[in-house]
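Source file: data-v1.txt. Holds: compact mmCIF, C-alpha atoms.
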# COMPACT_ATOMS: atom_id res chain seq x y z
CA MET A 707 8.92 21.22 14.14
CA ALA A 708 6.10 21.15 11.58
CA ASP A 709 2.38 21.36 12.31
CA LYS A 710 -0.91 21.67 10.45
CA ASN A 711 -0.26 25.32 9.63
CA THR A 712 3.11 24.47 8.09
CA TYR A 713 1.49 22.07 5.64
CA THR A 714 -1.54 24.29 5.09
CA ASN A 715 0.67 27.22 4.08
CA SER A 716 2.77 24.96 1.87
CA LEU A 717 -0.38 23.66 0.15
CA LYS A 718 -1.62 27.21 -0.46
CA ASP A 719 1.70 28.11 -2.02
CA PHE A 720 1.67 25.01 -4.23
CA VAL A 721 -1.89 25.62 -5.44
CA SER A 722 -1.12 29.29 -6.12
CA HIS A 723 2.15 28.55 -7.91
CA PRO A 724 1.79 25.09 -9.51
CA VAL A 725 4.83 23.45 -11.03
CA ALA A 726 3.02 22.62 -14.28
CA THR A 727 -0.03 23.90 -16.12
CA ALA A 728 -3.32 22.12 -15.51
CA PRO A 729 -6.98 22.69 -16.38
CA SER A 730 -9.23 24.59 -14.00
CA TRP A 731 -10.93 21.46 -12.65
CA VAL A 732 -7.57 20.23 -11.33
CA THR A 733 -7.03 23.54 -9.55
CA ASP A 734 -10.51 23.22 -8.05
CA ILE A 735 -9.69 19.72 -6.76
CA ARG A 736 -6.43 20.93 -5.25
CA MET A 737 -8.02 23.92 -3.57
CA SER A 738 -10.92 21.91 -2.18
CA ALA A 739 -8.53 19.29 -0.75
CA ALA A 740 -6.27 21.98 0.72
CA GLU A 741 -9.26 23.54 2.44
CA ARG A 742 -10.36 20.17 3.73
CA PHE A 743 -6.88 19.47 5.14
CA ALA A 744 -6.88 22.89 6.82
CA GLU A 745 -10.15 21.91 8.54
CA GLN A 746 -9.08 18.41 9.56
CA GLY A 747 -5.39 18.76 10.31
CA PHE A 748 -3.40 15.69 11.22
CA PRO A 749 -5.20 12.91 13.10
CA THR A 750 -4.55 12.28 16.79
CA THR A 751 -5.07 9.23 18.98
CA LYS A 752 -8.46 10.70 19.92
CA ASN A 753 -9.57 9.75 16.41
CA GLU A 754 -10.89 6.17 16.53
CA GLU A 755 -9.18 5.26 13.26
CA TRP A 756 -5.82 6.42 14.63
CA ARG A 757 -6.01 5.55 18.31
CA PHE A 758 -3.02 3.18 18.19
CA THR A 759 -0.89 5.26 15.82
CA ARG A 760 0.72 8.56 16.73
CA VAL A 761 1.75 10.77 13.82
CA ARG A 762 3.65 13.17 16.09
CA PRO A 763 7.04 11.64 15.11
CA LEU A 764 6.30 12.65 11.51
CA LEU A 765 5.74 16.24 12.61
CA GLN A 766 9.19 16.45 14.17
CA HIS A 767 10.56 17.07 10.66
CA ASP A 768 10.14 19.89 8.17
CA PHE A 769 9.65 18.10 4.86
CA THR A 770 9.69 19.90 1.52
CA VAL A 771 8.40 18.94 -1.92
CA ARG A 772 10.94 18.71 -4.70
CA LYS A 773 9.36 20.89 -7.38
CA HIS A 774 11.72 19.78 -10.13
CA ALA A 775 13.16 16.42 -11.09
CA PRO A 776 16.48 15.60 -9.37
CA PRO A 777 19.38 16.54 -11.64
CA ASP A 778 21.41 13.39 -10.97
CA GLY A 779 18.57 10.93 -11.44
CA LEU A 780 19.28 7.38 -10.31
CA PRO A 781 22.51 5.44 -11.00
CA ASP A 782 22.15 2.28 -13.08
CA ASP A 783 23.47 0.05 -10.31
CA GLN A 784 20.83 1.31 -7.89
CA LEU A 785 18.09 0.84 -10.47
CA SER A 786 19.17 -2.74 -11.15
CA ASP A 787 18.84 -3.52 -7.43
CA LEU A 788 15.28 -2.19 -7.34
CA ALA A 789 13.81 -3.06 -10.73
CA PHE A 790 13.19 -6.32 -12.57
CA ASP A 791 14.29 -7.49 -16.00
CA ASP A 792 13.02 -4.84 -18.38
CA SER A 793 12.06 -7.45 -20.96
CA ALA A 794 9.68 -9.13 -18.50
CA PHE A 795 7.94 -6.00 -17.15
CA HIS A 796 6.48 -2.73 -18.38
CA ARG A 797 8.49 -0.40 -16.13
CA PHE A 798 7.55 3.13 -15.09
CA VAL A 799 9.96 4.86 -12.69
CA PHE A 800 9.51 7.90 -10.44
CA VAL A 801 12.33 9.56 -8.51
CA ASP A 802 11.37 11.83 -5.61
CA GLY A 803 7.84 12.06 -7.01
CA HIS A 804 8.87 12.93 -10.59
CA PHE A 805 8.49 10.70 -13.62
CA ALA A 806 11.89 9.53 -14.88
CA GLU A 807 11.31 8.75 -18.54
CA TYR A 808 14.94 7.80 -19.19
CA LEU A 809 14.63 4.97 -16.64
CA SER A 810 11.28 3.73 -17.91
CA SER A 811 10.10 1.43 -20.68
CA THR A 812 7.46 3.64 -22.27
CA GLU A 813 6.55 1.50 -25.27
CA CYS A 814 3.27 -0.31 -24.66
CA PRO A 815 1.25 -2.77 -26.77
CA ALA A 816 -2.05 -1.78 -28.32
CA GLY A 817 -4.77 -1.33 -25.73
CA LEU A 818 -2.41 -0.42 -22.87
CA GLU A 819 -1.49 3.12 -21.92
CA ILE A 820 0.90 4.03 -19.10
CA ARG A 821 1.41 7.74 -18.75
CA SER A 822 2.76 10.33 -16.37
CA LEU A 823 -0.10 11.98 -14.48
CA ARG A 824 1.60 15.36 -14.88
CA ARG A 825 1.61 15.12 -18.67
CA THR A 826 -1.89 13.68 -18.72
CA LEU A 827 -3.24 16.59 -16.69
CA GLU A 828 -1.67 19.04 -19.11
CA SER A 829 -3.62 17.41 -21.95
CA ASP A 830 -6.91 17.43 -19.95
CA ASP A 831 -7.66 13.78 -20.65
CA PRO A 832 -11.41 13.03 -20.15
CA LEU A 833 -10.63 9.57 -18.70
CA VAL A 834 -8.65 11.17 -15.88
CA ARG A 835 -11.20 13.91 -15.37
CA GLN A 836 -13.93 11.29 -14.99
CA ASN A 837 -12.09 9.18 -12.41
CA LEU A 838 -9.39 11.13 -10.59
CA GLY A 839 -10.37 12.04 -7.06
CA LYS A 840 -13.72 10.26 -7.30
CA HIS A 841 -12.85 7.22 -5.16
CA ALA A 842 -10.18 8.14 -2.59
CA ALA A 843 -11.97 10.03 0.19
CA ALA A 844 -10.22 13.36 0.75
CA ASP A 845 -13.13 14.41 2.96
CA ARG A 846 -12.52 11.58 5.44
CA ASN A 847 -8.78 10.95 5.31
CA PRO A 848 -6.50 13.94 5.97
CA PHE A 849 -3.54 12.27 4.27
CA VAL A 850 -5.60 11.72 1.12
CA ALA A 851 -6.55 15.41 1.33
CA LEU A 852 -2.86 16.31 1.67
CA ASN A 853 -1.98 14.18 -1.36
CA THR A 854 -4.81 15.66 -3.42
CA GLY A 855 -3.76 19.20 -2.53
CA TYR A 856 -0.29 18.42 -3.88
CA LEU A 857 -1.76 16.65 -6.94
CA PHE A 858 1.13 16.61 -9.36
CA ASP A 859 2.61 13.37 -10.69
CA GLY A 860 2.18 9.64 -10.61
CA ALA A 861 1.10 6.93 -13.01
CA VAL A 862 -2.04 6.66 -15.12
CA VAL A 863 -2.64 3.08 -16.26
CA HIS A 864 -5.44 2.48 -18.76
CA ILE A 865 -6.31 -0.98 -20.08
CA ALA A 866 -8.78 -0.92 -22.96
CA ARG A 867 -11.86 -3.11 -23.30
CA GLY A 868 -11.08 -6.80 -23.74
CA VAL A 869 -7.29 -6.32 -23.64
CA SER A 870 -5.16 -8.81 -21.72
CA VAL A 871 -1.75 -7.33 -20.87
CA ASP A 872 0.99 -9.90 -21.35
CA LYS A 873 3.60 -8.54 -18.90
CA PRO A 874 3.24 -7.14 -15.38
CA ILE A 875 3.28 -3.36 -15.07
CA HIS A 876 5.87 -2.19 -12.54
CA LEU A 877 5.38 1.27 -11.02
CA LEU A 878 8.64 1.95 -9.18
CA PHE A 879 8.86 4.88 -6.74
CA VAL A 880 12.30 5.77 -5.39
CA SER A 881 13.17 8.38 -2.76
CA THR A 882 16.66 9.84 -2.62
CA SER A 883 18.37 12.51 -0.55
CA ASP A 884 20.47 15.54 -1.43
CA GLY A 885 20.81 16.79 2.12
CA LYS A 886 17.16 17.83 2.38
CA LYS A 887 14.24 16.09 4.04
CA LEU A 888 12.00 15.49 1.05
CA MET A 889 8.39 14.46 0.76
CA SER A 890 6.68 13.03 -2.29
CA GLN A 891 2.96 12.71 -2.97
CA PRO A 892 2.55 10.05 -5.70
CA ARG A 893 -0.95 9.78 -7.17
CA ASN A 894 -1.84 6.75 -9.29
CA LEU A 895 -4.94 5.96 -11.31
CA ILE A 896 -5.65 2.48 -12.70
CA VAL A 897 -8.63 2.14 -15.06
CA ALA A 898 -9.57 -1.28 -16.46
CA GLU A 899 -12.39 -1.29 -18.99
CA GLU A 900 -14.79 -4.19 -19.56
CA LEU A 901 -13.13 -7.63 -19.63
CA ALA A 902 -9.64 -6.12 -19.39
CA ARG A 903 -6.90 -8.04 -17.56
CA ALA A 904 -3.59 -6.83 -16.15
CA THR A 905 -1.10 -7.21 -13.31
CA VAL A 906 0.19 -4.05 -11.59
CA VAL A 907 3.08 -3.93 -9.12
CA GLU A 908 3.63 -0.79 -7.03
CA SER A 909 6.93 -0.69 -5.14
CA TYR A 910 8.35 2.01 -2.88
CA HIS A 911 12.05 2.17 -2.04
CA GLY A 912 14.55 4.45 -0.39
CA VAL A 913 18.19 5.01 -1.29
CA GLY A 914 20.26 4.75 1.88
CA ASP A 915 19.05 5.19 5.44
CA THR A 916 17.56 8.64 4.83
CA VAL A 917 14.68 10.50 6.46
CA TYR A 918 11.85 11.34 4.04
CA PHE A 919 8.07 11.18 3.78
CA THR A 920 6.06 9.31 1.15
CA ASN A 921 2.30 9.91 1.02
CA ALA A 922 0.86 7.81 -1.80
CA VAL A 923 -2.70 7.42 -3.08
CA THR A 924 -3.87 4.90 -5.68
CA GLU A 925 -7.35 4.71 -7.20
CA ALA A 926 -8.37 1.59 -9.12
CA VAL A 927 -11.55 1.40 -11.21
CA LEU A 928 -12.65 -1.96 -12.62
CA ALA A 929 -15.47 -2.10 -15.17
CA GLN A 930 -17.68 -5.13 -15.73
CA GLY A 931 -15.72 -8.36 -15.97
CA ALA A 932 -12.32 -6.70 -15.55
CA HIS A 933 -9.57 -8.58 -13.72
CA ILE A 934 -6.69 -6.79 -11.95
CA GLU A 935 -3.90 -8.43 -9.95
CA HIS A 936 -2.38 -5.69 -7.80
CA TYR A 937 0.73 -5.94 -5.65
CA LYS A 938 2.24 -3.31 -3.38
CA VAL A 939 5.72 -3.60 -1.90
CA GLN A 940 6.89 -1.15 0.77
CA LYS A 941 10.66 -1.24 1.29
CA GLU A 942 11.32 2.31 2.40
CA SER A 943 14.33 3.44 4.41
CA LEU A 944 14.13 2.39 8.05
CA SER A 945 14.16 6.11 8.92
CA ALA A 946 11.35 7.01 6.50
CA TYR A 947 7.65 7.69 6.94
CA HIS A 948 5.21 5.97 4.61
CA VAL A 949 1.47 6.66 4.50
CA ALA A 950 -0.62 5.23 1.69
CA SER A 951 -4.20 4.68 0.62
CA LEU A 952 -5.63 2.32 -2.01
CA SER A 953 -9.25 2.81 -3.06
CA ALA A 954 -10.76 0.31 -5.49
CA ARG A 955 -14.24 0.15 -7.01
CA MET A 956 -15.46 -2.94 -8.84
CA GLU A 957 -18.44 -3.33 -11.15
CA ARG A 958 -20.36 -6.50 -12.01
CA ASP A 959 -18.31 -9.73 -12.27
CA ALA A 960 -15.00 -7.92 -11.75
CA ARG A 961 -12.07 -9.66 -10.08
CA PHE A 962 -9.64 -7.72 -7.90
CA ARG A 963 -6.66 -9.15 -6.04
CA THR A 964 -4.35 -6.95 -4.02
CA GLN A 965 -1.39 -8.19 -1.99
CA TYR A 966 0.72 -5.99 0.25
CA VAL A 967 4.18 -6.69 1.67
CA SER A 968 5.74 -4.22 4.14
CA ILE A 969 9.36 -4.45 5.25
CA GLY A 970 10.79 -0.93 5.69
CA GLY A 971 9.71 2.36 7.21
CA ALA A 972 9.94 3.83 10.69
CA LEU A 973 6.25 4.77 10.73
CA VAL A 974 3.97 3.06 8.24
CA ARG A 975 0.24 3.38 7.67
CA ASN A 976 -1.52 1.52 4.85
CA ASP A 977 -5.24 1.92 4.16
CA VAL A 978 -7.22 -0.22 1.70
CA VAL A 979 -10.84 0.52 0.80
CA ALA A 980 -12.58 -1.88 -1.60
CA VAL A 981 -16.12 -1.19 -2.83
CA LEU A 982 -17.90 -4.17 -4.39
CA ASP A 983 -20.36 -2.19 -6.47
CA GLY A 984 -21.78 -4.86 -8.78
CA GLU A 985 -23.16 -8.37 -8.50
CA GLY A 986 -20.76 -11.28 -8.83
CA VAL A 987 -17.63 -9.39 -7.75
CA ASP A 988 -14.74 -11.38 -6.29
CA CYS A 989 -12.24 -9.46 -4.13
CA ARG A 990 -9.13 -10.78 -2.34
CA LEU A 991 -6.99 -8.78 0.10
CA ASN A 992 -3.76 -10.29 1.41
CA GLY A 993 -0.96 -8.72 3.38
CA LEU A 994 2.32 -9.51 5.12
CA TYR A 995 4.21 -7.06 7.31
CA VAL A 996 7.45 -7.55 9.21
CA ALA A 997 8.96 -5.08 11.66
CA ASN A 998 11.86 -4.88 14.07
CA GLY A 999 13.47 -2.33 16.37
CA HIS A 1000 11.10 0.58 16.96
CA GLN A 1001 9.17 0.28 13.70
CA HIS A 1002 5.43 0.95 13.75
CA VAL A 1003 3.20 -0.59 11.07
CA ASP A 1004 -0.55 0.13 10.89
CA ASN A 1005 -2.87 -1.66 8.45
CA HIS A 1006 -6.49 -0.57 8.00
CA THR A 1007 -8.80 -2.35 5.55
CA ASN A 1008 -12.44 -1.72 4.73
CA ILE A 1009 -14.44 -3.95 2.36
CA GLU A 1010 -17.80 -2.50 1.35
CA HIS A 1011 -20.26 -5.14 0.11
CA ALA A 1012 -22.71 -2.85 -1.68
CA LYS A 1013 -24.38 -5.40 -4.02
CA PRO A 1014 -25.56 -9.02 -3.69
CA HIS A 1015 -23.79 -12.24 -4.71
CA CYS A 1016 -20.26 -11.00 -4.00
CA ASP A 1017 -17.29 -12.74 -2.38
CA SER A 1018 -14.41 -11.27 -0.40
CA HIS A 1019 -11.53 -13.08 1.24
CA GLU A 1020 -8.87 -11.41 3.37
CA LEU A 1021 -5.68 -12.73 4.98
CA TYR A 1022 -3.17 -10.48 6.77
CA LYS A 1023 -0.15 -11.71 8.72
CA GLY A 1024 2.44 -9.86 10.77
CA ILE A 1025 5.84 -10.78 12.21
CA LEU A 1026 7.12 -8.45 14.93
CA ALA A 1027 10.47 -8.43 16.72
CA GLY A 1028 12.35 -6.08 19.02
CA ARG A 1029 10.07 -3.28 20.25
CA ALA A 1030 8.07 -3.12 17.05
CA ARG A 1031 4.40 -2.21 17.13
CA GLY A 1032 1.74 -3.47 14.77
CA VAL A 1033 -1.89 -2.51 14.19
CA PHE A 1034 -4.52 -4.33 12.17
CA ASN A 1035 -8.02 -2.95 11.82
CA GLY A 1036 -10.14 -4.85 9.31
CA LYS A 1037 -13.78 -4.04 8.61
CA ILE A 1038 -16.33 -5.85 6.47
CA HIS A 1039 -19.45 -3.77 5.86
CA VAL A 1040 -22.41 -5.61 4.32
CA HIS A 1041 -25.06 -3.20 3.05
CA PRO A 1042 -28.81 -3.98 3.33
CA ASP A 1043 -29.13 -4.97 -0.34
CA ALA A 1044 -26.02 -7.17 -0.35
CA GLN A 1045 -27.75 -10.52 0.11
CA LYS A 1046 -25.84 -13.76 -0.60
CA THR A 1047 -22.59 -12.17 0.53
CA ASP A 1048 -19.71 -14.54 1.30
CA ALA A 1049 -17.00 -12.76 3.27
CA LYS A 1050 -14.07 -14.22 5.18
CA GLN A 1051 -11.40 -12.35 7.12
CA SER A 1052 -8.40 -13.71 8.99
CA ASN A 1053 -5.44 -11.94 10.52
CA GLY A 1054 -2.62 -13.31 12.60
CA CYS A 1055 0.60 -12.10 14.16
CA MET A 1056 3.76 -13.86 15.32
CA LEU A 1057 5.65 -12.12 18.11
CA LEU A 1058 9.39 -12.85 18.23
CA SER A 1059 10.15 -10.89 21.40
CA GLU A 1060 8.55 -10.03 24.72
CA ASP A 1061 8.52 -6.32 23.86
CA ALA A 1062 6.81 -6.57 20.47
CA GLN A 1063 3.13 -5.64 20.50
CA ILE A 1064 0.12 -6.00 18.20
CA ASN A 1065 -3.31 -4.35 18.42
CA THR A 1066 -5.84 -6.17 16.27
CA ASN A 1067 -9.48 -5.31 15.69
CA PRO A 1068 -11.45 -7.38 13.16
CA GLN A 1069 -14.97 -6.04 12.55
CA LEU A 1070 -18.17 -7.23 10.91
CA GLU A 1071 -20.97 -4.75 10.24
CA ILE A 1072 -23.85 -6.64 8.64
CA TYR A 1073 -27.22 -5.22 7.57
CA ALA A 1074 -28.38 -8.15 5.42
CA ASP A 1075 -29.77 -11.44 6.71
CA ASP A 1076 -28.80 -13.98 4.01
CA VAL A 1077 -25.01 -13.91 4.25
CA LYS A 1078 -22.00 -16.03 5.21
CA CYS A 1079 -19.47 -13.90 7.08
CA THR A 1080 -16.63 -15.00 9.32
CA HIS A 1081 -13.61 -13.33 10.89
CA GLY A 1082 -10.84 -14.37 13.20
CA ALA A 1083 -7.63 -13.17 14.79
CA PHE A 1084 -4.74 -15.04 16.37
CA VAL A 1085 -1.56 -13.91 18.10
CA GLY A 1086 1.22 -16.20 19.24
CA GLN A 1087 4.89 -17.05 19.43
CA ILE A 1088 7.00 -19.73 17.81
CA ASP A 1089 5.83 -23.20 18.79
CA GLU A 1090 8.60 -24.60 21.00
CA LYS A 1091 7.35 -28.14 20.40
CA ALA A 1092 7.85 -27.65 16.69
CA VAL A 1093 11.36 -26.29 17.39
CA PHE A 1094 12.13 -29.35 19.51
CA TYR A 1095 10.88 -31.66 16.75
CA LEU A 1096 13.08 -29.98 14.13
CA ARG A 1097 16.11 -30.02 16.43
CA SER A 1098 15.57 -33.73 17.04
CA ARG A 1099 16.03 -34.11 13.25
CA GLY A 1100 19.46 -32.49 13.41
CA ILE A 1101 18.45 -28.92 12.56
CA LYS A 1102 20.13 -26.11 14.50
CA SER A 1103 17.95 -24.09 16.86
CA THR A 1104 18.32 -20.82 14.90
CA ASP A 1105 17.61 -22.55 11.58
CA ALA A 1106 14.57 -24.27 13.06
CA ARG A 1107 13.10 -20.97 14.24
CA HIS A 1108 13.77 -19.33 10.90
CA MET A 1109 12.06 -22.21 9.13
CA LEU A 1110 8.95 -21.80 11.27
CA VAL A 1111 8.82 -18.05 10.70
CA GLN A 1112 9.20 -18.55 6.95
CA ALA A 1113 6.45 -21.17 6.97
CA PHE A 1114 4.18 -18.67 8.74
CA ALA A 1115 4.89 -16.02 6.10
CA ASN A 1116 4.71 -18.33 3.11
CA GLU A 1117 0.93 -18.64 3.34
CA VAL A 1118 0.86 -15.07 2.02
CA LEU A 1119 3.96 -15.10 -0.18
CA GLU A 1120 2.87 -18.23 -2.03
CA ARG A 1121 -0.21 -16.37 -3.26
CA ILE A 1122 1.98 -14.01 -5.27
CA GLU A 1123 1.70 -15.18 -8.88
CA VAL A 1124 4.49 -13.00 -10.29
CA GLU A 1125 7.45 -15.34 -9.88
CA PRO A 1126 10.32 -12.78 -9.92
CA LEU A 1127 8.49 -10.71 -7.31
CA ARG A 1128 7.72 -13.73 -5.15
CA ASP A 1129 11.33 -14.94 -5.29
CA ARG A 1130 12.74 -11.52 -4.41
CA LEU A 1131 10.41 -11.07 -1.46
CA ALA A 1132 11.28 -14.54 -0.17
CA THR A 1133 14.95 -13.55 -0.36
CA ASP A 1134 14.18 -10.28 1.44
CA LEU A 1135 12.47 -12.22 4.22
CA VAL A 1136 15.52 -14.46 4.65
CA ALA A 1137 17.75 -11.37 4.81
CA TRP A 1138 15.43 -9.76 7.36
CA LEU A 1139 15.49 -12.89 9.53
CA SER A 1140 19.27 -13.07 9.42
CA GLY A 1141 19.46 -9.65 11.06
CA THR A 1142 16.63 -10.23 13.54
CA ARG A 1143 16.96 -11.53 17.05
CA ILE A 1144 14.36 -14.14 17.99
CA ASP A 1145 13.94 -14.38 21.74
CA THR A 1146 13.56 -17.86 23.17
CA GLY A 1147 11.51 -18.97 26.12
CA LEU A 1148 8.80 -16.36 25.64
CA PRO A 1149 5.97 -16.66 28.16
CA ARG A 1150 3.03 -18.47 26.65
CA LYS A 1151 -0.25 -16.65 26.30
CA GLY A 1152 -2.14 -16.75 29.58
CA ALA A 1153 0.94 -17.77 31.56

For the file at hand, write its structure as structure tokens.
Amino acid sequence: MADKNTYTNSLKDFVSHPVATAPSWVTDIRMSAAERFAEQGFPTTKNEEWRFTRVRPLLQHDFTVRKHAPPDGLPDDQLSDLAFDDSAFHRFVFVDGHFAEYLSSTECPAGLEIRSLRRTLESDDPLVRQNLGKHAAADRNPFVALNTGYLFDGAVVHIARGVSVDKPIHLLFVSTSDGKKLMSQPRNLIVAEELARATVVESYHGVGDTVYFTNAVTEAVLAQGAHIEHYKVQKESLSAYHVASLSARMERDARFRTQYVSIGGALVRNDVVAVLDGEGVDCRLNGLYVANGHQHVDNHTNIEHAKPHCDSHELYKGILAGRARGVFNGKIHVHPDAQKTDAKQSNGCMLLSEDAQINTNPQLEIYADDVKCTHGAFVGQIDEKAVFYLRSRGIKSTDARHMLVQAFANEVLERIEVEPLRDRLATDLVAWLSGTRIDTGLPRKGA
């Protein structure tokens, strides 16, 4: 069984004997984060931000970092199941936390750079030095501190001023197994200069029903007028642990859209922090999570309205079956100077069994007086009247229930503008439903 000391000692060893050369400032970042993790340790349910999520199951395993790229890589048939048409995407693949150049499409048009973080650190790129570790809070999130201590590889995406990238950028992270319980610590940095536009898809997958640990951190920096469409897909093994943090900072008139879909994972935690740091920013956060069996999925979002005349809109939906547990904690923080804020938050959950459970906590923290802010939460089951109506039209009971669940999810899925991604996720939802029991005759709320 692992504990804080296990990871602390592993971090010390990694910092002392890094896999690749890096400038001194990277070593300083690693050491500072390792020290911070040693102070914090893993969160417990006594921590307000983790009171509904126990990380003890994660600590039942001794995970190790693969220090060198896997020798066998990834078979072509497995890659084809996980990736999209190479001609329609800029593809960057990582296997067990290591960049796999032979699986990636590394040629990029003028104004777009996609690089391995490991190689970029070796060259001491000033862009990375200026932004890496400046937005994800290692001092407040122990898993971000753990990731930063293991700072090694991931993707660096740089879109130059005024450049509009024609194809989506797909960052594909795959975890395998060679008989060991592996952990990977992907670190991604997305920098969009003034008036730049791009679409970025992050997807996390597991090969087989293996036990592993993914701890991912992404930092996104949008300069004035930049526009980033960001998608994250979590389809880990049902025996895997997935913890992730996205931190985004937007300057004046920037547009940031991030959509999250979670299907896999035994224990999943996804944090999103968005800082609206310039007037006229528009930020949209959408999410859909489905869980069955004993899966646990925790979503925490925090939107910081730091400047006036900004809009944020958030919609998260969950579908829980079996004995699955869900958590949604969404916070909108309006700073004193953020007048004329328009913020809307909505989260809902559909329970498909009596034993499924959701804990939801929408929050508004407002320190300005000229704002429009709303939030709402709803939890319910399938509408039996709607089922009866569909059955009266000749539709089978199971098909009727599946149609209603799909309709509930489609409010999020239809907002995905990348058609191949939207179609694949819709197919995944159908497959998930086909293997999911939907209890009938659930007691109505208040009954």

Checklist line | Val1003 (chain A) environment, 9 Å, all atoms listed in the file, sequence neighbours closer than 2 positions dropped, as a list in words | finding: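 My list of contacting residues is Thr759, Ser968, Gly971, Ala972, Leu973, Val974, Arg975, Asn976, Tyr995, Val996, Ala997, Gln1001, Asn1005, Ala1030, Arg1031, Gly1032, Val1033 and Phe1034 of chain A.
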
Next item on the list: Write out as a VMD selection string each polymer residue whose atoms come within 8 Å of region 1057-1064 of chain A, counting only C-alpha atoms; drop sequence neighbours fewer than 6 positions from it.
Entry: chain A and resid 1025 to 1034 1085 to 1088 1143 to 1146 1148 to 1149

Let me see the file: selected residues, C-alpha atoms, as a CSV table (one decimal), keeping the file's coordinate frame.
chain,number,residue,atom,x,y,z
A,1025,ILE,CA,5.8,-10.8,12.2
A,1026,LEU,CA,7.1,-8.4,14.9
A,1027,ALA,CA,10.5,-8.4,16.7
A,1028,GLY,CA,12.4,-6.1,19.0
A,1029,ARG,CA,10.1,-3.3,20.2
A,1030,ALA,CA,8.1,-3.1,17.0
A,1031,ARG,CA,4.4,-2.2,17.1
A,1032,GLY,CA,1.7,-3.5,14.8
A,1033,VAL,CA,-1.9,-2.5,14.2
A,1034,PHE,CA,-4.5,-4.3,12.2
A,1085,VAL,CA,-1.6,-13.9,18.1
A,1086,GLY,CA,1.2,-16.2,19.2
A,1087,GLN,CA,4.9,-17.0,19.4
A,1088,ILE,CA,7.0,-19.7,17.8
A,1143,ARG,CA,17.0,-11.5,17.0
A,1144,ILE,CA,14.4,-14.1,18.0
A,1145,ASP,CA,13.9,-14.4,21.7
A,1146,THR,CA,13.6,-17.9,23.2
A,1148,LEU,CA,8.8,-16.4,25.6
A,1149,PRO,CA,6.0,-16.7,28.2

Checklist line | 8 Å contact set for Leu809 (chain A), all atoms listed in the file, chain neighbours under 2 positions out, as JSON, numbers by chain | finding: {"A": [798, 799, 806, 807, 811]}

Note to self: Neighbouring residues of region 841-843 of chain A were defined as those with any atom within 10 Å, considering all atoms listed in the file; residues of the same chain fewer than 3 positions away were excluded. Please report them as number ranges by chain.
What the structure shows: A: 739, 837-838, 846-851, 854, 923-927, 951-955, 978-981

Checklist line | Answer as a ChimeraX atom specification, residues within 10 Å of (16.2, -1.9, -7.5) using only C-alpha atoms | finding: /A:782-790,878,880,909-913

Note to self: Here is a test: counting all atoms listed in the file, which residue of A:His767, A:Lys1078, A:His723, A:Lys710 is nearest to Ala744 (chain A)?
What the structure shows: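 Looking only at the distances to Ala744 (chain A), the closest residue turns out to be A:Lys710.
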
Check: Which polymer residues, protein or nucleic acid, are no farther than 12 Å from (-9.7, -17.1, 16.7), counting only C-alpha atoms, as a VMD selection string?
Finding: chain A and resid 1051 to 1055 1066 to 1068 1080 to 1086

C-alpha atoms of the current selection, written as a PDB file, in the coordinates of the input:
ATOM      1  CA  GLN A1051     -11.400 -12.350   7.120  1.00  0.00           C
ATOM      2  CA  SER A1052      -8.400 -13.710   8.990  1.00  0.00           C
ATOM      3  CA  ASN A1053      -5.440 -11.940  10.520  1.00  0.00           C
ATOM      4  CA  GLY A1054      -2.620 -13.310  12.600  1.00  0.00           C
ATOM      5  CA  CYS A1055       0.600 -12.100  14.160  1.00  0.00           C
ATOM      6  CA  THR A1066      -5.840  -6.170  16.270  1.00  0.00           C
ATOM      7  CA  ASN A1067      -9.480  -5.310  15.690  1.00  0.00           C
ATOM      8  CA  PRO A1068     -11.450  -7.380  13.160  1.00  0.00           C
ATOM      9  CA  THR A1080     -16.630 -15.000   9.320  1.00  0.00           C
ATOM     10  CA  HIS A1081     -13.610 -13.330  10.890  1.00  0.00           C
ATOM     11  CA  GLY A1082     -10.840 -14.370  13.200  1.00  0.00           C
ATOM     12  CA  ALA A1083      -7.630 -13.170  14.790  1.00  0.00           C
ATOM     13  CA  PHE A1084      -4.740 -15.040  16.370  1.00  0.00           C
ATOM     14  CA  VAL A1085      -1.560 -13.910  18.100  1.00  0.00           C
ATOM     15  CA  GLY A1086       1.220 -16.200  19.240  1.00  0.00           C
TER      16      GLY A1086
END

Margin query: For a test of reading the model, state the distance in Å between CA of Phe1094 (chain A) and CA of Met1056 (chain A), rounded to one decimal.
Written below: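 So the answer is 18.1 Å.
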
Margin query: Please compute the CA of Asp1075 (chain A)-CA of Thr1047 (chain A) distance, one decimal, in Å.
Written below: 9.5 Å

Notebook entry, point to check: What is the distance, in Å and to one decimal place, between CA of Asp872 (chain A) and CA of Asp831 (chain A)?
Noted result: 25.2 Å

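Distance annotation: of A:Leu877, A:Leu852, A:Leu818, A:Ala1132, the residue with the minimal separation from Arg903 (chain A) is A:Leu818; atom set is all atoms listed in the file.
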
Notebook entry, point to check: Looking at A:Arg757, A:Lys887, A:Glu942, A:Asn1035, which one is nearest to Asp977 (chain A), with distances taken over only C-alpha atoms?
Noted result: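 Ranking A:Arg757, A:Lys887, A:Glu942, A:Asn1035 by distance to Asp977 (chain A), first place goes to A:Asn1035.
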
Checklist line | Residues near Ala866 (chain A), cut-off 7 Å, only C-alpha atoms, skip fewer than 3 positions along chain, as an MDAnalysis selection string | finding: chainID A and resid 817:818 869 898:899 902

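When only C-alpha atoms are used to measure the gap to Lys773 (chain A), the shortest distance among A:Gly868, A:Thr750, A:Ile875, A:Leu888 belongs to A:Leu888.
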